[in-house]
Amino acid sequence: MIFLTLEHILTHISFSVVSIVITIHLIILLVNEFVGLYNSSEKGMIITFFCITGLLVTRWIYSGHLPLSNLYESLIFLSWGFSIIHMVPYFKKHKNYLSAITMPGIFFTQGFVTSGFLTDMYQSEILVPALQSRWLMMHVSMMVLGYAALLCGSLLSIAFLVITFRKVIKILDKSNNLLNDSFSFGGIQYMAERSNVLRNTSTSFSFLSSRNYYRFQLIQQLDHWGYRITSIGFIFLTIGILSGAVWANEAWGSYWNWDPKETWAFITWTIFVIYFHTRTNKNLEGLNSAIVASIGFLIIWICYFGVNLLGIGLHSYGSFILTSN
């Protein structure tokens, strides 16, 4: 009873704190005078991290196994993965470009955990025979951490695409306006004012260059961090798939069964292989690799969440009942 009460308290504290943190960030974006609140929001994220960690440890103690046996527990672990990713740049004293990704991720996952949809999973139960294996910790933890990292990397790629396309559209609009202005004169007037138009064009593009310098830096950082986090997530995903194959051989007598969950895990892995391939080609890296990673964002959710809701296959420990990864 004490453990259940503590778990309930930690769950709601973590969700409440991350909600306050997101509110603070929205205030900072709207009102520059409140930039000093940034440190408070980072401290709030540290509190959230320890609350989720305490929640997992508490559930581990009274359940007797790593809390990854159902959707409720895996969502908490996914939130924990997001919080770890958020902490890395903070402790390295780097500018935290990940906060806009990790904080909403924790907010939505913890919000779903506390929403009441998963009430039947709050009470930890004895593992079903298929999950009573030493491979549970290795396989499921690697898969969920891989999902967390790949989701963050994919969202950074989506942000990269949005900012890049906005930049291109603005430049094209400015160029079209300048060209329209330059050809709106008559023949004699055009020759007389040609030098002024050229000077105005040069000045405008110089202004655009200085104004877009920060945006260029931001795009480069998004691409850099997206690649690094996606690389880590891909390693976790690969380890998770390999350990899952070994576990499947022990449980079902075959390393691979083309179960829906296994199939979508393989599709996810393939998408990010394509992502890394585009990164090795100088003509394809950047924009095209970001497009591939954006597709990967949807595929990950299908693999992690969508397949379980169908309740079919060897991994059908239930749609909203039990899930193995």
# chains A, B, ... in the order shown; residues from 1 in each chain; ligands from 1
>>> residues_around(residues="Phe266 (chain A)", least_positions_apart="4", cutoff="12 Å", atoms="only C-alpha atoms", output="list in words")
Phe234, Leu237, Thr238, Gly240, Ile241, Leu242, Gly244, Ala245, Trp256, Asn257, Trp258, Asp259, Pro260, Lys261, Glu262, Thr270, Ile271, Phe272, Val273, Gly296, Ile299, Ile300 and Cys303 of chain A
>>> write_last_selection(atoms="C-alpha atoms", output="PDB file, in the first residue's frame")
ATOM      1  CA  PHE A 234      19.949   3.223 -33.770  1.00  0.00           C
ATOM      2  CA  LEU A 237      17.436  -0.396 -31.488  1.00  0.00           C
ATOM      3  CA  THR A 238      19.940  -2.797 -33.070  1.00  0.00           C
ATOM      4  CA  GLY A 240      17.220  -4.566 -28.811  1.00  0.00           C
ATOM      5  CA  ILE A 241      16.372  -6.420 -32.022  1.00  0.00           C
ATOM      6  CA  LEU A 242      19.333  -8.802 -31.694  1.00  0.00           C
ATOM      7  CA  GLY A 244      14.948 -10.022 -28.933  1.00  0.00           C
ATOM      8  CA  ALA A 245      15.909 -12.570 -31.582  1.00  0.00           C
ATOM      9  CA  TRP A 256      12.633 -14.608 -36.358  1.00  0.00           C
ATOM     10  CA  ASN A 257       8.933 -15.234 -37.025  1.00  0.00           C
ATOM     11  CA  TRP A 258       7.864 -12.164 -39.043  1.00  0.00           C
ATOM     12  CA  ASP A 259       5.446 -11.328 -36.275  1.00  0.00           C
ATOM     13  CA  PRO A 260       3.815  -7.863 -36.850  1.00  0.00           C
ATOM     14  CA  LYS A 261       5.941  -6.372 -34.061  1.00  0.00           C
ATOM     15  CA  GLU A 262       9.118  -7.905 -35.473  1.00  0.00           C
ATOM     16  CA  THR A 270      15.640  -0.239 -42.361  1.00  0.00           C
ATOM     17  CA  ILE A 271      14.357   3.358 -42.471  1.00  0.00           C
ATOM     18  CA  PHE A 272      17.227   4.522 -40.304  1.00  0.00           C
ATOM     19  CA  VAL A 273      19.744   2.489 -42.298  1.00  0.00           C
ATOM     20  CA  GLY A 296      10.929   7.352 -39.367  1.00  0.00           C
ATOM     21  CA  ILE A 299       7.129   4.424 -38.354  1.00  0.00           C
ATOM     22  CA  ILE A 300       8.413   4.389 -34.759  1.00  0.00           C
ATOM     23  CA  CYS A 303       5.996  -0.008 -34.238  1.00  0.00           C
TER      24      CYS A 303
END
>>> residues_around(residues="Tyr255 (chain A)", least_positions_apart="6", cutoff="8 Å", atoms="only C-alpha atoms", output="count of residues only")
5
>>> closest_residue(among="A:Ser69, A:Ser19, A:Ser157, A:Ser41", to="Gly105 (chain A)", atoms="only C-alpha atoms")
A:Ser19
>>> closest_residue(among="A:Thr230, A:Asn70, A:Thr58, A:Thr48", to="Ser294 (chain A)", atoms="only C-alpha atoms")
A:Thr230
>>> atom_distance(atom1="CA of His8 (chain A)", atom2="CA of Phe49 (chain A)")
15.7 Å
>>> closest_residue(among="A:Val307, A:Ile101, A:Leu151, A:Leu156", to="His224 (chain A)", atoms="only C-alpha atoms")
A:Leu156
>>> residues_around(residues="Ile84 (chain A)", least_positions_apart="3", cutoff="12 Å", atoms="only C-alpha atoms", output="short mmCIF file (atom, residue, chain, number, x, y, z; two decimals) with C-alpha atoms, in the first residue's frame")
data_model
loop_
_atom_site.label_atom_id
_atom_site.label_comp_id
_atom_site.auth_asym_id
_atom_site.auth_seq_id
_atom_site.Cartn_x
_atom_site.Cartn_y
_atom_site.Cartn_z
CA MET A 45 13.43 19.06 -15.38
CA ILE A 46 15.97 17.68 -12.88
CA THR A 48 11.09 15.48 -13.03
CA PHE A 49 13.99 13.14 -13.83
CA PHE A 50 14.42 12.09 -10.19
CA ILE A 52 10.41 9.34 -12.74
CA THR A 53 13.53 7.49 -11.59
CA PHE A 77 10.30 4.16 -19.07
CA LEU A 78 9.92 6.13 -22.32
CA SER A 79 9.46 9.32 -20.27
CA TRP A 80 12.58 8.41 -18.33
CA GLY A 81 14.45 7.99 -21.63
CA MET A 87 19.94 15.96 -19.06
CA VAL A 88 22.96 15.25 -21.30
CA PRO A 89 23.45 18.75 -22.82
CA TYR A 90 22.55 20.33 -19.46
CA PHE A 91 25.36 18.59 -17.58
CA LEU A 98 16.65 19.35 -27.09
CA SER A 99 14.37 20.98 -24.53
CA THR A 102 12.12 16.31 -24.71
CA MET A 103 9.79 18.38 -22.53
CA GLY A 105 7.65 14.22 -25.01
CA ILE A 106 7.69 13.79 -21.22
CA LEU A 145 15.51 3.71 -25.03
CA ALA A 148 13.08 7.58 -27.14
CA ALA A 149 16.34 8.56 -28.85
CA CYS A 152 14.00 12.90 -30.43
CA ILE A 229 20.93 11.28 -31.07
#
>>> closest_residue(among="A:Phe276, A:Trp269, A:Trp60, A:Trp264", to="Gly226 (chain A)", atoms="only C-alpha atoms")
A:Phe276
